[in-house]
Every structure is written in C-alpha cells, then in structure tokens.
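Written below as structure tokens is the structure these notes are about.
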Amino acid sequence: QEVIKTLGELTGKIEMPPLWALGYQQCRYSYYPESKVKEIASGFRERNIPCDVIWMDIDYMERFKIFTFNSNDFPHPAGLNEYLHSINFKSVWMIDPGVKKEDGYFVYEQGTTGDHWVQTSNNEVFTGNVWPGECVFPDFTRPETQQWWGTLYDDFITTGIDGVWNDMNEPAVFNGPGGTRPEDNFHRGGGILPSGTSLRYPYIYGLLMVKASRDGIMKVNPEKRPFVLSLANCLGGQKYAGTWTSDNASTLEHFKMATPMVLNLGLSGQPFTGPDLGGFGGSPDADLFANWIAVGAFYPFCRSHSEKGTNDQEPWAFGEKVENVSRIALQRRYRLLPYLYTLFQEAAQTGLPVMRPVFFADVTDKSLRAEDEAFMWGDDLLIVPQWSEDPQLPEGIWNDVSLLADGVENDGYQPALKQKGGSIIPVGSVIQSTEEFKTDSLTLLVCLDKNNSATGNLYVDKGEGFDYRDGDFEFCKFSATTHENNLVVTCSETGKQQTQKKRYYQIGVVNESGIQYSDWQSGRKISISLK
C-alpha cells in the first residue's frame with residue numbers, strides 16, 4: 001500500500017469524478033438515430049433498472065468527422081441531451097484523434113493553418129486511414145496544439161454533452177504498421193516535452209490527448225467536474241481520464257481476464273477502470289452476460305458495450321431471468337454508493353485503488369498473492385464471484401452481507417459479499433440514478449472485530465463542482481463499541497457542508513447469523529440493545 005501511495009505522489013492522483021460517473025452506463029457501437037437513444041434510456045426507467053449514462057459512438061457524426069453531428073440521425077443533439085437530462089440520464093460522446101483530410105472541414109482547416117499535425121520523418125504531414133478515410137493527426141506534444149484542441153470543445157460541450165470518450169488514441173491507423181503510426185513519425189515537442197519520434201511517445205500520445213480534452217472541457221464548464229474516458233493512457237494519465245480495458249470479446253476467457261486486468265491497472269495508479277461488460281466483440285449467451293454483469297457491478301467503471309453485428313446487449317435483451325439478475329446486481333451497486341464514493345475520495349487523497357487484490361487484506365499471507373477472481377472494495381468489503389472455484393480468501397472475521405430483502409440475491413449469479421470484522425460500511429437506498437442520491441437516511445453495517453469494536457468513514461460532497469476543494473464536504477468518522485449489553489455507535493464530523501441538519505441512521509449488526517437491524521435512530525450517538 002505504501003508503494004502505491006508513493007506512486008501516486010510521483011505521478012499524480014485522480015480528481016474526484018462527478019458522482020454520476022459511478023453509476024451504471026450503457027453503450028453500443030452504435031445507438032442511432034436519436035429515437036433509438038431515447039428508447040434505450042426510457043427502457044431502463046420503465047423496467048426500474050438503475051442506469052445513469054447513455055454513450056454515443058461514431059455514428060452520431062457526419063461521415064465520422066469529429067466535432068460534427070449527423071444531420072439525419074442526430075439533427076438536434078441539444079434537444080436529445082435535454083431529454084436525457086429530463087429522465088436523469090447523462091450522455092457521453094466519442095471524439096477520436098483522426099481528423100478527416102478534407103478541404104472546407106473546419107477542424108482540418110484550423111489544424112492546417114495552425115500547423116498542428118504530426119509529421120513524417122521527412123517533415124511532411126503524416127496521413128493515415130481511420131474511420132473517415134484519409135486522416136491527419138494532432139501533434140499533442142506541442143503546447144500550441146493542446147491549446148487549440150481544447151478550443152474545439154467550445155460549441156460541442158454547449159449542446160449539453162456531459163462527458164467525452166477519447167477512443168482510437170494510440171493512435172489507431174488502419175493502414176499503418178501494426179494498426180498504428182510508423183515508428184519514425186516525428187513529434188516536435190515544446191515546453192517540457194522534447195522533440196522525438198513515435199517511439200518516444202507511445203501511450204503518452206493518449207495521455208496528452210485526454211489532458212488537452214479535459215483542459216478544453218474545463219474552460220467551457222468551469223463549474224462542472226469533467227469526465228473523460230481514454231483507450232490509451234500512461235502513468236500520470238489518471239489525473240485526466242478514466243481508462244477501460246479496450247475491445248474484449250464475449251468469451252469466458254475474456255470474462256475471467258477482466259478482474260486481474262482491473263486489479264493490475266489499480267496497482268499501476270489507475271483506479272477508475274473497467275472492461276466492456278458482456279464483451280465488445282461477439283454475442284454472449286444469457287448465462288455469460290448474467291455472470292458478467294453480476295461481477296461487473298463491482299468494477300470501478302461499470303459500462304456495458306458491444307459492437308455492430310452482435311445481438312442486443314441491454315439487460316432485458318436476454319429474457320426475464322437475466323433482466324432480474326441485472327436489476328439486482330445494479331441495485332446492489334447503487335445501495336453501496338455512499339461507500340464507493342468514499343473510496344473514490346480515498347483514491348483522490350492517497351492514490352490507493354478502489355478495487356483491490358485480496359492480498360491487501362494481509363500482505364504477509366503469501367497464499368493470497370495469486371488470487372485473481374475474488375477482490376476487495378477498499379479494505380472492508382470482499383467480493384467473491386459465484387463461479388470462483390476454491391478462492392484464496394483472507395483469514396479473520398469476514399461475515400456475509402445481504403443488501404436486498406427477501407433473499408433475491410441468492411439467484412446463483414450474485415457474488416457473495418463479505419464484510420471485514422472491525423468495519424462500518426455506510427449504504428443508501430435503492431435508487432434509479434445518482435440524481436436521486438441522498439445521504440439524509442443511511443444504513444450503517446457494523447461488523448465487530450474480536451474486541452467488539454469497529455470503525456468506518458463516510459465522505460459526502462455535492463457530487464459535482466469543486467467546492468469540496470475549499471472544504472465544502474462532510475467527512476464522518478464512525479466508531480462502534482460494546483458497553484454491557486449495548487452497541488454504542490458514535491459519529492464525529494469534519495468539513496463544512498451543512499446540507500443536512502440531521503442524518504438518520506439504521507444500524508445493521510453483521511454477524512455470522514446474518515444482519516440484525518435496529519430501529520431508525522438519529523443524532524451523533526446511538527445505543528442499541530444486543531440482547
């Protein structure tokens with residue numbers, strides 16, 4: 001843990017993401033036209049399946065030209081975003097680095113006038129084929145190019161777009177060696193960056209792109225936290241964008257690869273990561289998708305994504321059984337948002353990953369070091385997939401936690417959740433989007449250690465904006481001890497957020513026989529009977 005913290009000190013730590021980015025997200029290559037996007041969003045609300053974001057892939061563009069909208073399929077992007085916002089959805093739209101080489105196209109014309117393109121070894125403008133055909137590529141090593149790129153978001157973001165997806169930013173070049181640019185492409189550098197060939201700037205190209213994107217978006221909406229997702233990234237890129245694990249396949253092999261990939265990214269200083277749930281390439285069967293979304297509900301970045309020519313991959317596309325599995329999985333995630341948001345605040349402060357390998361529970365236990373199926377959220381919640389065979393789990397008190405009523409979690413797909421002895425985990429209510437997120441009433445799950453004590457934290461801010469930097473947040477420290485036959489829970493608070501004059505808590509005592517709830521209580525000190 002100290003090594004990871006030191007890495008964060010050296011390379012930087014994430015900024016607090018907007019709260020909505022921690023919700024479930026639905027994507028496809030591609031949802032179009034506008035009516036299809038509305039249909040998908042409405043489908044979640046009609047079925048009471050929690051979801052926060054719909055994503056737009058390249059088909060929203062006019063002939064795949066970035067910063068344009070297809071006038072036939074997306075004639076009113078501002079109106080679409082307004083509709084999505086009206087039903088508590090956010091939207092994320094793709095922007096690639098490949099700029100179509102076309103006279104009269106404003107991005108190409110501006111970039112050419114400003115001399116912003118990557119060059120060949122002969123100091124000529126490099127061209128390569130991507131989705132729009134022949135393209136040129138911004139040289140993000142130049143500060144002037146980064147600044148210009150940021151200005152392109154001015155009109156784009158003002159349509160009500162909430163987040164940006166920078167894909168294909170290795171950069172991908174269809175007719176290039178290995179599907180990317182030649183190694184002798186020349187980058188001119190500037191500022192602290194030296195000139196050099198592409199060999200000097202692999203993956204850093206993607207980092208510089210998302211930095212320029214984030215800076216540009218911030219200038220348009222300085223009061224909002226930007227959300228950027230990147231394909232390519234590098235050490236330090238966590239300061240500018242989340243990273244997903246790229247185009248996977250709808251296979252059992254790729255499903256089982258996802259967890260160790262996300263764990264390794266977390267150990268590499270990238271805490272906001274996740275795979276394409278269900279797999280991008282191919283069509284998962286109902287059983288595979290059910291397993292994937294049940295576990296995927298516990299990845300830091302939680303998005304389903306699929307390519308053209310595959311079967312529909314919305315939670316209801318596989319029948320009633322999988323729809324129910326998906327609903328339960330996402331309800332579990334949303335109930336845990338108070339705890340998850342607190343873990344993201346910890347990541348922003350320390351650099352520690354949100355999703356952690358089980359050996360973090362006991363770094364001296366060498367048997368835990370190869371475990372890559374079970375994993376942890378923070379220090380206190382252990383997630384054990386149903387399909388995991390003989391997982392190596394840490395010793396000590398780890399009691400089972402149930403978040404929903406009536407045993408609906410026992411459907412054969414939902415991972416077992418185990419709470420660490422000595423911990424207090426705050427959980428909220430079942431909600432349909434983060435727009436409904438409130439912390440005026442919370443449940444504290446208390447799992448006592450062998451000394452009959454426990455501690456836990458809750459971080460709360462507005463979920464948007466940057467007032468938290470000036471202390472406008474609330475940080476609650478909970479502690480629990482036993483006195484005679486009573487459990488005494490106390491709360492101390494720091495920060496200056498005063499949005500809630502009083503918070504109401506329900507106490508759930510987590511023991512080997514399940515969870516025993518007290519009545520609702522209020523105030524900073526709570527005493528309940530353990531008889």
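Chain lettering (A, B, ...) mirrors the order of the structure tokens, residue numbering begins at 1 for each chain separately, and ligand numbering begins at 1 in order of display.
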Tell me which protein, DNA and RNA residues are within 12 Å of Gly79 in chain A, counting only C-alpha atoms, leaving out same-chain ones fewer than 3 positions away, and put them as a PDB file with N, CA and C atoms, in the first residue's frame.
ATOM      1  N   GLU A  34     -31.519   9.309 -33.036  1.00  0.00           N
ATOM      2  CA  GLU A  34     -31.900   9.855 -31.733  1.00  0.00           C
ATOM      3  C   GLU A  34     -33.021   9.058 -31.076  1.00  0.00           C
ATOM      4  N   SER A  35     -33.975   8.626 -31.869  1.00  0.00           N
ATOM      5  CA  SER A  35     -35.125   7.895 -31.320  1.00  0.00           C
ATOM      6  C   SER A  35     -34.687   6.608 -30.641  1.00  0.00           C
ATOM      7  N   LYS A  38     -33.296   7.470 -27.166  1.00  0.00           N
ATOM      8  CA  LYS A  38     -34.400   7.727 -26.233  1.00  0.00           C
ATOM      9  C   LYS A  38     -35.082   6.426 -25.821  1.00  0.00           C
ATOM     10  N   PHE A  74     -29.009  12.666 -35.989  1.00  0.00           N
ATOM     11  CA  PHE A  74     -28.883  13.473 -34.763  1.00  0.00           C
ATOM     12  C   PHE A  74     -29.031  14.951 -35.113  1.00  0.00           C
ATOM     13  N   PRO A  75     -30.219  15.325 -35.598  1.00  0.00           N
ATOM     14  CA  PRO A  75     -30.409  16.708 -36.030  1.00  0.00           C
ATOM     15  C   PRO A  75     -30.483  17.703 -34.870  1.00  0.00           C
ATOM     16  N   HIS A  76     -30.802  17.217 -33.666  1.00  0.00           N
ATOM     17  CA  HIS A  76     -30.987  18.113 -32.520  1.00  0.00           C
ATOM     18  C   HIS A  76     -30.247  17.557 -31.303  1.00  0.00           C
ATOM     19  N   GLU A  82     -31.178  17.334 -23.648  1.00  0.00           N
ATOM     20  CA  GLU A  82     -32.200  17.867 -22.747  1.00  0.00           C
ATOM     21  C   GLU A  82     -33.195  16.782 -22.353  1.00  0.00           C
ATOM     22  N   TYR A  83     -33.584  15.936 -23.307  1.00  0.00           N
ATOM     23  CA  TYR A  83     -34.492  14.837 -22.991  1.00  0.00           C
ATOM     24  C   TYR A  83     -33.840  13.863 -21.999  1.00  0.00           C
ATOM     25  N   LEU A  84     -32.594  13.499 -22.263  1.00  0.00           N
ATOM     26  CA  LEU A  84     -31.902  12.570 -21.373  1.00  0.00           C
ATOM     27  C   LEU A  84     -31.814  13.149 -19.962  1.00  0.00           C
ATOM     28  N   HIS A  85     -31.491  14.419 -19.870  1.00  0.00           N
ATOM     29  CA  HIS A  85     -31.402  15.045 -18.551  1.00  0.00           C
ATOM     30  C   HIS A  85     -32.757  15.044 -17.845  1.00  0.00           C
ATOM     31  N   SER A  86     -33.830  15.153 -18.618  1.00  0.00           N
ATOM     32  CA  SER A  86     -35.172  15.216 -18.016  1.00  0.00           C
ATOM     33  C   SER A  86     -35.554  13.901 -17.348  1.00  0.00           C
ATOM     34  N   THR A 158     -21.364  22.784 -25.331  1.00  0.00           N
ATOM     35  CA  THR A 158     -22.518  23.628 -25.035  1.00  0.00           C
ATOM     36  C   THR A 158     -23.837  23.043 -25.537  1.00  0.00           C
ATOM     37  N   THR A 159     -23.802  21.927 -26.259  1.00  0.00           N
ATOM     38  CA  THR A 159     -25.042  21.235 -26.621  1.00  0.00           C
ATOM     39  C   THR A 159     -25.606  20.437 -25.446  1.00  0.00           C
ATOM     40  N   GLY A 160     -24.922  20.455 -24.320  1.00  0.00           N
ATOM     41  CA  GLY A 160     -25.405  19.722 -23.145  1.00  0.00           C
ATOM     42  C   GLY A 160     -24.723  18.389 -22.939  1.00  0.00           C
ATOM     43  N   ILE A 161     -23.657  18.136 -23.675  1.00  0.00           N
ATOM     44  CA  ILE A 161     -22.893  16.895 -23.512  1.00  0.00           C
ATOM     45  C   ILE A 161     -22.240  16.875 -22.131  1.00  0.00           C
TER      46      ILE A 161
END
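Closest approach to Ser304 in chain A from the set A:Ala290, A:Leu235, A:Ile425, A:Cys491 is made by A:Ala290, with distances taken over only C-alpha atoms.
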Exercise for the section: For Leu207 in chain A, list every protein, DNA or RNA residue within 6 Å, evaluated using only C-alpha atoms, and leave out those in the same chain fewer than 2 positions away; present the list as a list in words. Expected result: Ile204, Tyr205, Met209, Val210, Asn233 and Gly237 of chain A
Please write the residues from the selection above to a file, keeping N, CA and C atoms, as a PDB file, in the first residue's frame.
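The resulting out-v5.pdb:
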ATOM      1  N   ILE A 204       1.881   7.828 -24.362  1.00  0.00           N
ATOM      2  CA  ILE A 204       1.890   9.218 -23.921  1.00  0.00           C
ATOM      3  C   ILE A 204       1.038  10.061 -24.861  1.00  0.00           C
ATOM      4  N   TYR A 205       0.924   9.639 -26.116  1.00  0.00           N
ATOM      5  CA  TYR A 205       0.056  10.351 -27.055  1.00  0.00           C
ATOM      6  C   TYR A 205      -1.373  10.400 -26.508  1.00  0.00           C
ATOM      7  N   MET A 209      -3.541  13.651 -25.223  1.00  0.00           N
ATOM      8  CA  MET A 209      -4.831  13.953 -25.832  1.00  0.00           C
ATOM      9  C   MET A 209      -5.890  14.197 -24.763  1.00  0.00           C
ATOM     10  N   VAL A 210      -5.967  13.300 -23.760  1.00  0.00           N
ATOM     11  CA  VAL A 210      -7.014  13.469 -22.751  1.00  0.00           C
ATOM     12  C   VAL A 210      -6.736  14.668 -21.858  1.00  0.00           C
ATOM     13  N   ASN A 233      -3.442   5.214 -22.363  1.00  0.00           N
ATOM     14  CA  ASN A 233      -3.056   6.078 -21.261  1.00  0.00           C
ATOM     15  C   ASN A 233      -1.694   5.645 -20.761  1.00  0.00           C
ATOM     16  N   GLY A 237      -1.685   9.548 -16.361  1.00  0.00           N
ATOM     17  CA  GLY A 237      -2.908   9.832 -17.102  1.00  0.00           C
ATOM     18  C   GLY A 237      -4.156   9.755 -16.257  1.00  0.00           C
TER      19      GLY A 237
END
Completion exercise
Expressed in Å, the length from CA of Leu403 in chain A to CA of Arg332 in chain A is 6.3 Å
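For the choices A:Pro222, A:Gly43, A:Pro177, A:Gly216, the atom-to-atom distance to Thr151 in chain A is smallest for A:Gly216 when using only C-alpha atoms.
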Give me, as a PDB file with C-alpha atoms, in the first residue's frame, all polymer residues having an atom no more than 7 Å from Leu381 in chain A, counting only C-alpha atoms and skipping those fewer than 3 positions away in the same chain.
ATOM      1  CA  MET A 376     -11.977  -6.196  -2.499  1.00  0.00           C
ATOM      2  CA  TRP A 377     -13.611  -2.782  -2.427  1.00  0.00           C
ATOM      3  CA  GLY A 378     -11.396  -0.784  -0.135  1.00  0.00           C
ATOM      4  CA  LEU A 417     -20.295 -10.013  -0.217  1.00  0.00           C
ATOM      5  CA  LYS A 418     -18.284 -10.338   2.974  1.00  0.00           C
ATOM      6  CA  GLN A 419     -17.620  -7.556   5.457  1.00  0.00           C
ATOM      7  CA  LYS A 420     -14.423  -7.360   7.435  1.00  0.00           C
TER       8      LYS A 420
END
Handout entry: In range 72-168 of chain A, DSSP strand (DSSP E or B) residues written as a list in words
Key = Lys90, Ser91, Val92, Trp93, Met94, Val99, Lys100, Trp117, Gln119, Val125, Gly128, Asn129, Val130, Gly133, Glu134, Cys135, Val136, Pro138, Gly163, Val164, Trp165 and Asn166 of chain A
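CA of Thr127 in chain A is positioned 9.2 Å from CA of Arg181 in chain A.
We find CA of Leu22 in chain A and CA of Val3 in chain A to be spaced 26.0 Å apart.
Once Ile515 in chain A and its same-chain neighbours fewer than 2 positions away are set aside, Asn399, Asp400, Val401, Ser402, Leu403, Leu445, Val446, Cys447, Ile507, Gly508, Val509, Val510, Asn511, Glu512, Ser513, Tyr517 and Ser518 of chain A remain within 10 Å of it when counting only C-alpha atoms.
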Output N, CA and C atoms of each residue in that selection to a file, as a PDB file, in the first residue's frame.
ATOM      1  N   ASN A 399     -17.843 -11.597   7.566  1.00  0.00           N
ATOM      2  CA  ASN A 399     -19.234 -12.046   7.654  1.00  0.00           C
ATOM      3  C   ASN A 399     -20.012 -11.669   6.401  1.00  0.00           C
ATOM      4  N   ASP A 400     -20.951 -12.532   6.035  1.00  0.00           N
ATOM      5  CA  ASP A 400     -21.753 -12.312   4.825  1.00  0.00           C
ATOM      6  C   ASP A 400     -22.672 -11.108   4.986  1.00  0.00           C
ATOM      7  N   VAL A 401     -22.808 -10.348   3.879  1.00  0.00           N
ATOM      8  CA  VAL A 401     -23.663  -9.165   3.854  1.00  0.00           C
ATOM      9  C   VAL A 401     -24.728  -9.347   2.779  1.00  0.00           C
ATOM     10  N   SER A 402     -25.955  -9.052   3.121  1.00  0.00           N
ATOM     11  CA  SER A 402     -27.056  -9.018   2.155  1.00  0.00           C
ATOM     12  C   SER A 402     -27.580  -7.590   2.091  1.00  0.00           C
ATOM     13  N   LEU A 403     -27.719  -7.064   0.874  1.00  0.00           N
ATOM     14  CA  LEU A 403     -28.121  -5.668   0.702  1.00  0.00           C
ATOM     15  C   LEU A 403     -29.584  -5.502   0.327  1.00  0.00           C
ATOM     16  N   LEU A 445     -23.730  -0.660   8.333  1.00  0.00           N
ATOM     17  CA  LEU A 445     -23.492  -2.078   8.572  1.00  0.00           C
ATOM     18  C   LEU A 445     -22.280  -2.206   9.487  1.00  0.00           C
ATOM     19  N   VAL A 446     -22.516  -2.714  10.669  1.00  0.00           N
ATOM     20  CA  VAL A 446     -21.483  -2.789  11.695  1.00  0.00           C
ATOM     21  C   VAL A 446     -21.061  -4.242  11.877  1.00  0.00           C
ATOM     22  N   CYS A 447     -19.805  -4.511  11.590  1.00  0.00           N
ATOM     23  CA  CYS A 447     -19.248  -5.864  11.785  1.00  0.00           C
ATOM     24  C   CYS A 447     -18.124  -5.755  12.809  1.00  0.00           C
ATOM     25  N   ILE A 507     -29.087   0.913  11.987  1.00  0.00           N
ATOM     26  CA  ILE A 507     -27.908   0.121  12.312  1.00  0.00           C
ATOM     27  C   ILE A 507     -28.165  -1.345  12.000  1.00  0.00           C
ATOM     28  N   GLY A 508     -27.290  -1.918  11.208  1.00  0.00           N
ATOM     29  CA  GLY A 508     -27.357  -3.339  10.932  1.00  0.00           C
ATOM     30  C   GLY A 508     -26.138  -4.030  11.517  1.00  0.00           C
ATOM     31  N   VAL A 509     -26.343  -4.899  12.474  1.00  0.00           N
ATOM     32  CA  VAL A 509     -25.236  -5.621  13.094  1.00  0.00           C
ATOM     33  C   VAL A 509     -24.977  -6.885  12.290  1.00  0.00           C
ATOM     34  N   VAL A 510     -23.804  -6.934  11.675  1.00  0.00           N
ATOM     35  CA  VAL A 510     -23.453  -8.039  10.778  1.00  0.00           C
ATOM     36  C   VAL A 510     -22.692  -9.091  11.583  1.00  0.00           C
ATOM     37  N   ASN A 511     -23.289 -10.268  11.707  1.00  0.00           N
ATOM     38  CA  ASN A 511     -22.613 -11.348  12.416  1.00  0.00           C
ATOM     39  C   ASN A 511     -22.736 -12.641  11.628  1.00  0.00           C
ATOM     40  N   GLU A 512     -22.288 -13.718  12.226  1.00  0.00           N
ATOM     41  CA  GLU A 512     -22.251 -14.984  11.491  1.00  0.00           C
ATOM     42  C   GLU A 512     -23.643 -15.508  11.165  1.00  0.00           C
ATOM     43  N   SER A 513     -24.657 -14.997  11.801  1.00  0.00           N
ATOM     44  CA  SER A 513     -26.018 -15.470  11.519  1.00  0.00           C
ATOM     45  C   SER A 513     -26.783 -14.538  10.586  1.00  0.00           C
ATOM     46  N   TYR A 517     -31.150  -5.784  12.299  1.00  0.00           N
ATOM     47  CA  TYR A 517     -31.335  -4.340  12.214  1.00  0.00           C
ATOM     48  C   TYR A 517     -31.995  -3.773  13.463  1.00  0.00           C
ATOM     49  N   SER A 518     -31.557  -2.586  13.827  1.00  0.00           N
ATOM     50  CA  SER A 518     -32.240  -1.840  14.881  1.00  0.00           C
ATOM     51  C   SER A 518     -33.298  -0.952  14.230  1.00  0.00           C
TER      52      SER A 518
END
Handout entry: Close residues, range 357-373 of chain A itself excluded, 9 Å, only C-alpha atoms, min 4 positions apart in chain, as JSON, numbers by chain
Key = {"A": [1, 256, 257, 259, 260, 263, 264, 267, 377, 379, 380, 382, 383, 384, 385, 387, 388, 389, 391, 392, 393, 394, 395]}
Practice task
List every residue of range 11-187 of chain A that DSSP, applied to the backbone, labels as alpha helix (DSSP H), and write the result as a PyMOL selection string.
Solution key: chain A and resi 11+34-47+77-86+106-113+143-151+153-157
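Shortest atom-to-atom contact with Leu336 in chain A among A:Ile58, A:Val427, A:Cys135, A:Leu265: A:Val427, counting only C-alpha atoms.
Remark: for Gly296 in chain A, the closest of the candidate residues A:Leu330, A:Ala347, A:Val322, A:Leu199 is A:Leu330 (distances computed over only C-alpha atoms).
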Practice task
For Asp287 in chain A, list every protein, DNA or RNA residue within 10 Å, evaluated using only C-alpha atoms, and leave out those in the same chain fewer than 6 positions away; present the list as a list in words.
Solution key: Phe318, Lys321, Val322 and Tyr413 of chain A
